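J.: This is the content of model.tsv (TSV, C-alpha atoms):
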chain	number	residue	atom	x	y	z
B	1	MET	CA	122.08	91.30	86.87
B	2	VAL	CA	119.69	94.20	86.12
B	3	LEU	CA	116.81	91.80	85.47
B	4	PHE	CA	117.51	90.05	88.77
B	5	GLU	CA	117.51	93.37	90.64
B	6	LEU	CA	114.21	94.38	89.04
B	7	HIS	CA	112.67	91.02	89.90
B	8	ALA	CA	113.90	91.27	93.49
B	9	LYS	CA	112.47	94.78	93.77
B	10	SER	CA	109.13	93.59	92.40
B	11	LEU	CA	108.98	90.76	94.94
B	12	TYR	CA	109.87	93.20	97.72
B	13	LEU	CA	107.09	95.61	96.74
B	14	PHE	CA	104.61	92.78	96.37
B	15	SER	CA	105.47	91.69	99.92
B	16	ILE	CA	104.74	95.23	101.14
B	17	ILE	CA	101.38	95.48	99.47
B	18	ASN	CA	100.31	92.00	100.47
B	19	LYS	CA	100.28	93.39	104.02
B	20	LEU	CA	97.37	95.63	103.02
B	21	SER	CA	94.01	94.10	103.85
B	22	ASN	CA	91.09	93.39	101.50
B	23	ILE	CA	93.14	93.14	98.31
B	24	PRO	CA	92.05	90.38	95.93
B	25	ASP	CA	94.67	87.66	95.49
B	26	HIS	CA	94.59	87.92	91.71
B	27	MET	CA	95.81	91.53	91.72
B	28	ASN	CA	99.58	91.99	91.64
B	29	TYR	CA	100.81	95.48	92.53
B	30	ASN	CA	104.30	96.87	92.05
B	31	GLY	CA	103.80	100.26	93.67
B	32	ILE	CA	101.47	102.59	95.57
B	33	ASP	CA	100.23	106.02	94.54
B	34	PHE	CA	99.39	108.15	97.59
B	35	ILE	CA	96.84	110.86	96.71
B	36	GLY	CA	96.17	114.06	98.63
B	37	ASP	CA	92.98	115.82	99.79
B	38	ILE	CA	90.30	115.83	97.06
B	39	HIS	CA	87.42	117.83	98.59
B	40	GLY	CA	84.87	117.01	95.90
B	41	HIS	CA	87.10	117.76	92.90
B	42	ALA	CA	86.18	114.68	90.87
B	43	ASP	CA	87.41	116.07	87.54
B	44	GLU	CA	90.88	116.73	88.91
B	45	LEU	CA	90.91	113.27	90.49
B	46	GLU	CA	90.09	111.62	87.19
B	47	GLY	CA	92.73	113.75	85.47
B	48	LEU	CA	95.36	112.70	88.01
B	49	LEU	CA	94.41	109.02	87.73
B	50	LYS	CA	94.66	109.20	83.93
B	51	LYS	CA	98.03	110.92	84.19
B	52	MET	CA	99.32	108.05	86.34
B	53	GLY	CA	98.09	105.36	83.95
B	54	TYR	CA	94.83	104.36	85.63
B	55	SER	CA	91.87	103.55	83.40
B	56	ARG	CA	88.14	103.28	83.98
B	57	ASP	CA	86.55	99.88	83.51
B	58	ARG	CA	82.77	99.99	83.93
B	59	HIS	CA	82.22	101.37	87.43
B	60	THR	CA	85.75	101.80	88.76
B	61	TRP	CA	89.27	103.01	88.07
B	62	GLU	CA	92.27	100.74	88.33
B	63	HIS	CA	95.89	100.40	87.31
B	64	PRO	CA	97.32	97.16	85.88
B	65	ASN	CA	100.02	96.95	88.56
B	66	ARG	CA	99.68	99.81	91.05
B	67	LEU	CA	97.46	100.64	94.02
B	68	ALA	CA	96.01	104.07	94.89
B	69	PHE	CA	95.96	105.19	98.52
B	70	PHE	CA	93.83	108.20	99.53
B	71	VAL	CA	94.85	110.21	102.62
B	72	GLY	CA	91.37	111.53	103.48
B	73	ASP	CA	89.19	114.65	103.06
B	74	PHE	CA	86.99	113.63	100.14
B	75	ILE	CA	84.01	115.89	100.88
B	76	ASP	CA	83.04	119.57	101.35
B	77	ARG	CA	84.23	122.60	99.37
B	78	GLY	CA	84.30	121.19	95.80
B	79	PRO	CA	81.75	121.07	92.94
B	80	LYS	CA	81.39	117.27	92.53
B	81	ILE	CA	81.34	115.71	95.98
B	82	PRO	CA	79.01	112.73	95.26
B	83	GLU	CA	81.01	111.94	92.12
B	84	ALA	CA	84.34	112.06	93.98
B	85	LEU	CA	83.00	109.84	96.74
B	86	THR	CA	81.70	107.34	94.19
B	87	ILE	CA	85.08	107.11	92.46
B	88	ILE	CA	86.96	106.61	95.73
B	89	ARG	CA	84.51	104.16	97.26
B	90	ASN	CA	84.28	102.06	94.09
B	91	MET	CA	88.07	101.86	93.92
B	92	VAL	CA	88.36	100.85	97.57
B	93	GLU	CA	85.64	98.23	97.30
B	94	ASN	CA	87.11	96.92	94.04
B	95	GLY	CA	90.51	96.51	95.69
B	96	SER	CA	92.29	99.03	93.47
B	97	ALA	CA	92.65	101.56	96.31
B	98	LYS	CA	92.93	102.00	100.07
B	99	ALA	CA	91.98	105.05	102.13
B	100	VAL	CA	92.19	106.56	105.59
B	101	MET	CA	89.70	108.91	107.22
B	102	GLY	CA	90.15	112.67	107.09
B	103	ASN	CA	88.83	115.22	109.56
B	104	HIS	CA	86.03	116.16	107.15
B	105	GLU	CA	84.74	112.58	107.06
B	106	TYR	CA	84.99	112.39	110.85
B	107	ASN	CA	83.20	115.74	111.18
B	108	ALA	CA	80.41	114.49	108.90
B	109	ILE	CA	79.92	111.43	111.12
B	110	CYS	CA	79.68	113.64	114.22
B	111	PHE	CA	77.45	116.15	112.40
B	112	ASN	CA	74.92	113.36	111.84
B	113	ARG	CA	75.22	111.49	115.14
B	114	ILE	CA	72.75	112.41	117.89
B	115	LYS	CA	74.33	112.59	121.32
B	116	LYS	CA	72.82	111.47	124.56
B	117	GLY	CA	70.61	114.21	125.93
B	118	GLY	CA	69.85	115.67	122.52
B	119	GLY	CA	71.65	117.65	119.86
B	120	TYR	CA	74.50	116.39	117.72
B	121	LEU	CA	78.08	115.44	118.50
B	122	ARG	CA	79.14	118.19	116.09
B	123	GLU	CA	77.09	121.28	116.79
B	124	HIS	CA	74.99	122.58	113.90
B	125	SER	CA	76.48	126.05	114.28
B	126	ILE	CA	76.78	128.53	111.42
B	127	LYS	CA	80.51	127.80	111.19
B	128	ASN	CA	80.02	124.02	111.04
B	129	LEU	CA	77.08	124.30	108.64
B	130	ASN	CA	79.12	126.50	106.32
B	131	GLN	CA	81.90	123.92	106.24
B	132	HIS	CA	79.53	121.07	105.34
B	133	ILE	CA	76.88	122.95	103.34
B	134	LYS	CA	78.14	122.07	99.85
B	135	THR	CA	78.04	118.38	100.68
B	136	ILE	CA	74.47	118.70	102.00
B	137	GLN	CA	73.38	120.72	98.96
B	138	GLN	CA	74.87	118.29	96.46
B	139	PHE	CA	73.05	115.37	98.11
B	140	HIS	CA	69.72	117.24	98.03
B	141	GLY	CA	66.98	114.74	97.23
B	142	LYS	CA	69.42	111.86	97.75
B	143	GLY	CA	69.24	111.43	101.52
B	144	ASP	CA	69.60	107.65	101.45
B	145	GLU	CA	72.77	107.94	99.37
B	146	TYR	CA	74.17	110.59	101.73
B	147	ARG	CA	73.48	108.45	104.80
B	148	ASP	CA	75.03	105.42	103.10
B	149	PHE	CA	78.26	107.34	102.53
B	150	ILE	CA	78.27	108.47	106.16
B	151	ARG	CA	78.05	104.81	107.19
B	152	TRP	CA	80.83	103.97	104.73
B	153	PHE	CA	83.13	106.48	106.45
B	154	TYR	CA	83.21	104.13	109.44
B	155	SER	CA	85.12	101.63	107.26
B	156	LEU	CA	88.04	104.06	106.94
B	157	PRO	CA	90.79	103.71	109.58
B	158	VAL	CA	92.20	106.84	111.19
B	159	PHE	CA	95.76	105.63	110.57
B	160	PHE	CA	97.52	102.90	108.60
B	161	GLU	CA	100.95	101.37	109.10
B	162	THR	CA	103.23	98.70	107.66
B	163	ASP	CA	106.92	98.14	108.35
B	164	ASP	CA	107.70	100.19	105.24
B	165	PHE	CA	105.35	103.23	105.31
B	166	ARG	CA	102.70	105.04	107.34
B	167	VAL	CA	99.58	106.94	106.37
B	168	VAL	CA	97.56	109.40	108.43
B	169	HIS	CA	95.46	112.41	107.56
B	170	ALA	CA	97.12	115.12	109.64
B	171	SER	CA	99.81	114.07	112.12
B	172	TRP	CA	101.63	111.03	113.46
B	173	ASP	CA	101.91	111.37	117.22
B	174	HIS	CA	103.70	108.28	118.56
B	175	GLU	CA	101.94	108.22	121.92
B	176	TYR	CA	98.47	108.80	120.51
B	177	ILE	CA	98.99	106.22	117.77
B	178	SER	CA	100.03	103.70	120.42
B	179	PHE	CA	96.94	104.62	122.43
B	180	LEU	CA	94.65	104.13	119.40
B	181	LYS	CA	96.23	100.79	118.59
B	182	ASN	CA	95.11	99.60	122.01
B	183	GLN	CA	91.69	101.23	121.88
B	184	THR	CA	90.54	100.44	118.31
B	185	ASN	CA	90.39	97.59	115.84
B	186	ASN	CA	93.23	98.54	113.46
B	187	GLY	CA	92.32	102.23	113.65
B	188	LEU	CA	88.60	101.77	112.94
B	189	LEU	CA	85.96	103.70	114.85
B	190	ASP	CA	82.46	102.61	115.82
B	191	ASP	CA	79.56	104.52	117.37
B	192	GLU	CA	80.85	104.06	120.90
B	193	LEU	CA	84.35	105.22	120.02
B	194	VAL	CA	83.00	108.22	118.10
B	195	ASP	CA	80.97	109.15	121.17
B	196	ARG	CA	84.07	108.86	123.36
B	197	SER	CA	86.16	110.88	120.95
B	198	SER	CA	83.73	113.81	121.19
B	199	GLN	CA	84.26	114.24	124.95
B	200	LYS	CA	86.75	117.09	125.32
B	201	GLY	CA	89.54	116.62	127.81
B	202	THR	CA	89.67	112.84	127.45
B	203	PRO	CA	92.61	110.88	125.98
B	204	PHE	CA	90.41	109.63	123.13
B	205	TYR	CA	89.41	113.18	122.21
B	206	GLY	CA	93.05	114.26	122.26
B	207	ALA	CA	94.11	111.31	120.10
B	208	ILE	CA	91.50	111.78	117.37
B	209	ASP	CA	91.82	115.56	117.39
B	210	THR	CA	95.61	115.35	116.97
B	211	ILE	CA	95.68	112.52	114.41
B	212	LEU	CA	92.96	114.00	112.17
B	213	LYS	CA	93.46	117.74	112.68
B	214	GLY	CA	97.13	118.15	113.55
B	215	LYS	CA	99.15	119.25	116.56
B	216	GLU	CA	98.57	122.81	117.68
B	217	LEU	CA	100.39	125.35	119.80
B	218	SER	CA	98.52	128.13	121.59
B	219	LEU	CA	99.78	131.59	120.66
B	220	PRO	CA	100.87	134.07	123.31
B	221	ASP	CA	98.14	136.34	124.67
B	222	GLY	CA	97.06	138.99	122.19
B	223	TYR	CA	98.14	137.14	119.03
B	224	THR	CA	95.66	135.74	116.50
B	225	PHE	CA	95.55	135.10	112.77
B	226	LYS	CA	92.95	134.10	110.16
B	227	ASP	CA	92.96	130.58	108.71
B	228	GLU	CA	92.12	129.52	105.12
B	229	ASP	CA	88.40	129.86	105.86
B	230	GLY	CA	88.74	133.32	107.38
B	231	HIS	CA	88.25	132.15	110.97
B	232	GLU	CA	90.20	133.88	113.72
B	233	ARG	CA	92.66	131.47	115.35
B	234	ASP	CA	94.69	131.70	118.54
B	235	ALA	CA	96.72	128.52	117.92
B	236	VAL	CA	98.97	127.35	115.07
B	237	ARG	CA	99.24	123.97	113.41
B	238	MET	CA	102.83	123.00	114.04
B	239	LYS	CA	105.40	121.09	112.01
B	240	TRP	CA	105.18	117.95	114.12
B	241	TRP	CA	107.94	116.33	112.09
B	242	GLU	CA	110.53	118.94	113.10
B	243	ASN	CA	112.87	119.28	116.07
B	244	PRO	CA	111.17	121.88	118.31
B	245	THR	CA	114.41	123.09	119.90
B	246	ASN	CA	115.10	126.80	119.26
B	247	GLN	CA	111.91	127.21	117.22
B	248	THR	CA	109.74	130.32	117.16
B	249	PHE	CA	105.98	130.37	116.66
B	250	LYS	CA	106.57	131.58	113.11
B	251	SER	CA	109.15	128.93	112.24
B	252	ILE	CA	107.22	126.01	113.79
B	253	ALA	CA	103.94	126.89	112.02
B	254	VAL	CA	103.04	124.89	108.91
B	255	ILE	CA	101.35	127.87	107.27
B	256	LYS	CA	103.08	131.21	107.64
B	257	SER	CA	101.18	134.37	108.54
B	258	ARG	CA	102.37	137.93	109.01
B	259	ASN	CA	100.58	137.97	112.36
B	260	LEU	CA	102.57	135.10	113.84
B	261	PRO	CA	105.10	136.20	116.45
B	262	ASP	CA	108.75	135.49	115.75
B	263	ILE	CA	109.41	134.73	119.40
B	264	PRO	CA	110.71	131.47	120.90
B	265	VAL	CA	108.38	128.69	121.88
B	266	LYS	CA	108.95	127.74	125.50
B	267	ASN	CA	110.44	124.31	126.03
B	268	ASP	CA	107.72	123.30	128.49
B	269	GLU	CA	105.09	123.81	125.77
B	270	LEU	CA	106.81	121.11	123.69
B	271	SER	CA	107.88	118.79	126.48
B	272	ASN	CA	105.76	115.89	125.14
B	273	HIS	CA	106.65	116.42	121.50
B	274	ARG	CA	108.76	113.87	119.62
B	275	MET	CA	109.96	114.84	116.17
B	276	TYR	CA	109.55	112.44	113.27
B	277	ASP	CA	113.21	111.58	112.82
B	278	SER	CA	115.04	110.10	109.85
B	279	ASN	CA	115.00	106.51	111.08
B	280	GLN	CA	111.18	106.36	110.87
B	281	PRO	CA	109.43	104.84	107.81
B	282	PRO	CA	108.21	107.24	105.09
B	283	ILE	CA	104.94	108.89	106.10
B	284	PHE	CA	102.24	110.28	103.80
B	285	PHE	CA	99.55	112.74	104.90
B	286	GLY	CA	97.45	115.70	103.76
B	287	HIS	CA	95.41	118.39	105.58
B	288	TYR	CA	97.65	121.46	105.53
B	289	TRP	CA	96.63	123.57	102.52
B	290	LEU	CA	100.12	124.02	101.14
B	291	ASN	CA	100.79	126.26	98.12
B	292	GLY	CA	103.21	126.44	95.22
B	293	ASN	CA	105.05	123.58	93.59
B	294	PRO	CA	104.91	120.31	95.53
B	295	ASN	CA	108.06	119.25	97.36
B	296	LEU	CA	109.05	117.10	100.31
B	297	TYR	CA	109.64	118.37	103.83
B	298	LYS	CA	112.11	115.55	104.51
B	299	GLU	CA	113.26	112.40	102.74
B	300	ASN	CA	110.68	110.47	104.79
B	301	VAL	CA	107.95	113.13	105.25
B	302	CYS	CA	105.47	113.81	102.44
B	303	CYS	CA	102.50	116.17	102.68
B	304	LEU	CA	100.15	115.82	99.70
B	305	ASP	CA	97.60	118.59	100.31
B	306	TYR	CA	98.29	121.45	97.89
B	307	SER	CA	94.94	123.23	98.09
B	308	VAL	CA	93.04	121.79	95.12
B	309	ALA	CA	89.93	123.33	96.70
B	310	ASN	CA	91.52	126.78	96.51
B	311	ASN	CA	92.79	126.83	92.91
B	312	GLY	CA	95.79	124.73	93.88
B	313	LYS	CA	96.98	121.30	92.80
B	314	LEU	CA	95.86	117.72	93.36
B	315	VAL	CA	99.05	115.85	94.21
B	316	ALA	CA	100.21	112.24	94.37
B	317	TYR	CA	103.43	110.51	95.32
B	318	ARG	CA	104.40	107.37	93.35
B	319	PHE	CA	105.93	105.11	95.98
B	320	ASP	CA	108.03	102.09	94.98
B	321	GLY	CA	109.30	100.95	98.36
B	322	GLU	CA	112.16	103.41	98.73
B	323	ALA	CA	113.30	104.34	102.24
B	324	LYS	CA	114.26	107.83	101.04
B	325	LEU	CA	111.60	109.70	99.11
B	326	SER	CA	112.34	111.95	96.13
B	327	ASP	CA	110.71	115.15	94.82
B	328	LYS	CA	110.92	113.66	91.32
B	329	LYS	CA	108.19	111.15	92.21
B	330	LEU	CA	105.57	113.79	93.01
B	331	VAL	CA	102.95	114.20	90.25
B	332	TYR	CA	100.04	116.62	90.07
B	333	VAL	CA	97.33	118.24	87.99
Kindly present the structure from the file in structure tokens form.
T.:
Amino acid sequence: MVLFELHAKSLYLFSIINKLSNIPDHMNYNGIDFIGDIHGHADELEGLLKKMGYSRDRHTWEHPNRLAFFVGDFIDRGPKIPEALTIIRNMVENGSAKAVMGNHEYNAICFNRIKKGGGYLREHSIKNLNQHIKTIQQFHGKGDEYRDFIRWFYSLPVFFETDDFRVVHASWDHEYISFLKNQTNNGLLDDELVDRSSQKGTPFYGAIDTILKGKELSLPDGYTFKDEDGHERDAVRMKWWENPTNQTFKSIAVIKSRNLPDIPVKNDELSNHRMYDSNQPPIFFGHYWLNGNPNLYKENVCCLDYSVANNGKLVAYRFDGEAKLSDKKLVYV
């Protein structure tokens, strides 16, 4: 009976993973390892892969019966950005991994794309240069390689979905995801769509900004706080997976700050918000610079960004098809 149950589970998981595109037919996977924001920390990535039983064969890492799935943000901040990108890209192209785009990959595309009338889609301001400077420095003298990686970023979808799980970098907004399904080829962007997404005030801008950077709430007049980069902010990234009823700005914020007001959020400010309820498939994402020991927000909500770029942890969740996730399946280095 136990052997039959294990065999049935294996067939079920194989049916899930067969829905993923570009996986060679000869590779049989029994589970998926979702991996959080890496930000150029190649050594930690290799340590995490080793810890989960992956091994390096010539130019790539692979597991005998599992697939890695990266949730975006591979560049900027860390000491080994080209090395991290090479590991991830080789795994994806070998079929031993999948990946979605993070806001840092999207920003890099816009940073390098000239807009009509001159300038760049992402302004070369001091703030934006500071965010991307380590990537530029580490590709010094390797411009062709840098540009090739920028082109490769276009191959990363901004969301991924099967009947059994979902992956996005920052937030799953049902209306915006539906919009992007109609506007893109399976979540992939091209030059035209990137141009459209840079036009503030348009639905495409709102969709990409929300999916890759998270849902935000404007703070009441007079309230600001400093983010992880020391920038003054007048809006908070909200827990989009929570019920907004009877929430305050402090309780709805992903990252707490002493400067956040503990006053109620008005209902009209959240009129279009739909919480990610318990009947939705498990969702995996990064982006939010969490601290401490990794744990789940809900049994179907898993954030994997635990600030490896700020002396934190690189985290993975070892998914085996379960509808209810468990803290015990989080691993990290």
J.: Measuring atom to atom with only C-alpha atoms, identify which of B:Thr248, B:Ser155, B:Ser307, B:Asn30 is nearest to Asp191 in chain B.
T.: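 Of the candidates, the smallest distance to Asp191 in chain B is held by B:Ser155.
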J.: In Å to one decimal, how far is CA of Glu62 in chain B from CA of Cys302 in chain B?
T.: 23.3 Å
J.: How far is it from CA of Lys127 in chain B to CA of Asp227 in chain B, in Å with one decimal?
T.: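 Result for CA of Lys127 in chain B versus CA of Asp227 in chain B: 13.0 Å, one decimal.
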J.: Might you pull out every residue within 7 Å of Tyr154 in chain B, with all atoms listed in the file counted and same-chain residues fewer than 2 positions away left off, and present them as a list in words?
T.: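 Counting only the stated atoms, we get Arg151, Trp152, Leu156, Leu188, Leu189 and Asp190 of chain B.
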J.: What lies within 7 Å of range 193-201 of chain B using only C-alpha atoms, ignoring chain neighbours under 5 positions off, as a list in words?
T.: Leu121, Gly206 and Ile208 of chain B
J.: Counting only C-alpha atoms, which residues of range 48-92 of chain B fall within 10 Å of range 100-115 of chain B, and what is the closest atom pair for each with its distance in Å at one decimal, ordered by chain and rising number, as a tab-separated table?
T.:
residue	atom	partner	partner_atom	distance
B:Phe69	CA	B:Val100	CA	8.1
B:Phe70	CA	B:Val100	CA	6.5
B:Val71	CA	B:Val100	CA	5.4
B:Gly72	CA	B:Gly102	CA	4.0
B:Asp73	CA	B:Gly102	CA	4.6
B:Phe74	CA	B:Glu105	CA	7.4
B:Ile75	CA	B:His104	CA	6.6
B:Asp76	CA	B:His104	CA	7.4
J.: How about saving the chosen residues, C-alpha atoms kept, as a JSON list (two decimals), in the frame of the given file?
T.:
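Result saved to again34.json:
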[["chain", "number", "residue", "atom", "x", "y", "z"],
["B", 69, "PHE", "CA", 95.96, 105.19, 98.52],
["B", 70, "PHE", "CA", 93.83, 108.20, 99.53],
["B", 71, "VAL", "CA", 94.85, 110.21, 102.62],
["B", 72, "GLY", "CA", 91.37, 111.53, 103.48],
["B", 73, "ASP", "CA", 89.19, 114.65, 103.06],
["B", 74, "PHE", "CA", 86.99, 113.63, 100.14],
["B", 75, "ILE", "CA", 84.01, 115.89, 100.88],
["B", 76, "ASP", "CA", 83.04, 119.57, 101.35]]
J.: Using all atoms listed in the file, which residues sit within 12 Å of Lys51 in chain B once same-chain residues fewer than 3 positions away are excluded, as a list in words?
T.: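 What passes the distance filter is Asp33, Glu44, Leu45, Glu46, Gly47, Leu48, Tyr54, Ser55, His63, Leu314, Val315, Ala316, Arg318, Leu330, Val331, Tyr332 and Val333 of chain B.
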J.: Those same residues, written as an mmCIF file, keeping the file's coordinate frame with C-alpha atoms?
T.:
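Just written: selection13.cif:
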data_model
loop_
_atom_site.group_PDB
_atom_site.id
_atom_site.type_symbol
_atom_site.label_atom_id
_atom_site.label_comp_id
_atom_site.auth_asym_id
_atom_site.auth_seq_id
_atom_site.Cartn_x
_atom_site.Cartn_y
_atom_site.Cartn_z
ATOM 1 C CA ASP B 33 100.230 106.020 94.540
ATOM 2 C CA GLU B 44 90.880 116.730 88.910
ATOM 3 C CA LEU B 45 90.910 113.270 90.490
ATOM 4 C CA GLU B 46 90.090 111.620 87.190
ATOM 5 C CA GLY B 47 92.730 113.750 85.470
ATOM 6 C CA LEU B 48 95.360 112.700 88.010
ATOM 7 C CA TYR B 54 94.830 104.360 85.630
ATOM 8 C CA SER B 55 91.870 103.550 83.400
ATOM 9 C CA HIS B 63 95.890 100.400 87.310
ATOM 10 C CA LEU B 314 95.860 117.720 93.360
ATOM 11 C CA VAL B 315 99.050 115.850 94.210
ATOM 12 C CA ALA B 316 100.210 112.240 94.370
ATOM 13 C CA ARG B 318 104.400 107.370 93.350
ATOM 14 C CA LEU B 330 105.570 113.790 93.010
ATOM 15 C CA VAL B 331 102.950 114.200 90.250
ATOM 16 C CA TYR B 332 100.040 116.620 90.070
ATOM 17 C CA VAL B 333 97.330 118.240 87.990
#
J.: What's the separation between CA of Asp57 in chain B and CA of Leu85 in chain B, in Å to one decimal place?
T.: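 Answer for the CA of Asp57 in chain B to CA of Leu85 in chain B separation: 16.9 Å.
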J.: Return the padded bounding box of range 120-128 of chain B as JSON: axis-aligned, built from all atoms listed in the file, 6 Å added on each side, with centre and edge lengths in Å to one decimal.
T.:
{"center_x": 77.5, "center_y": 122.0, "center_z": 114.8, "size_x": 18.0, "size_y": 25.1, "size_z": 19.5}
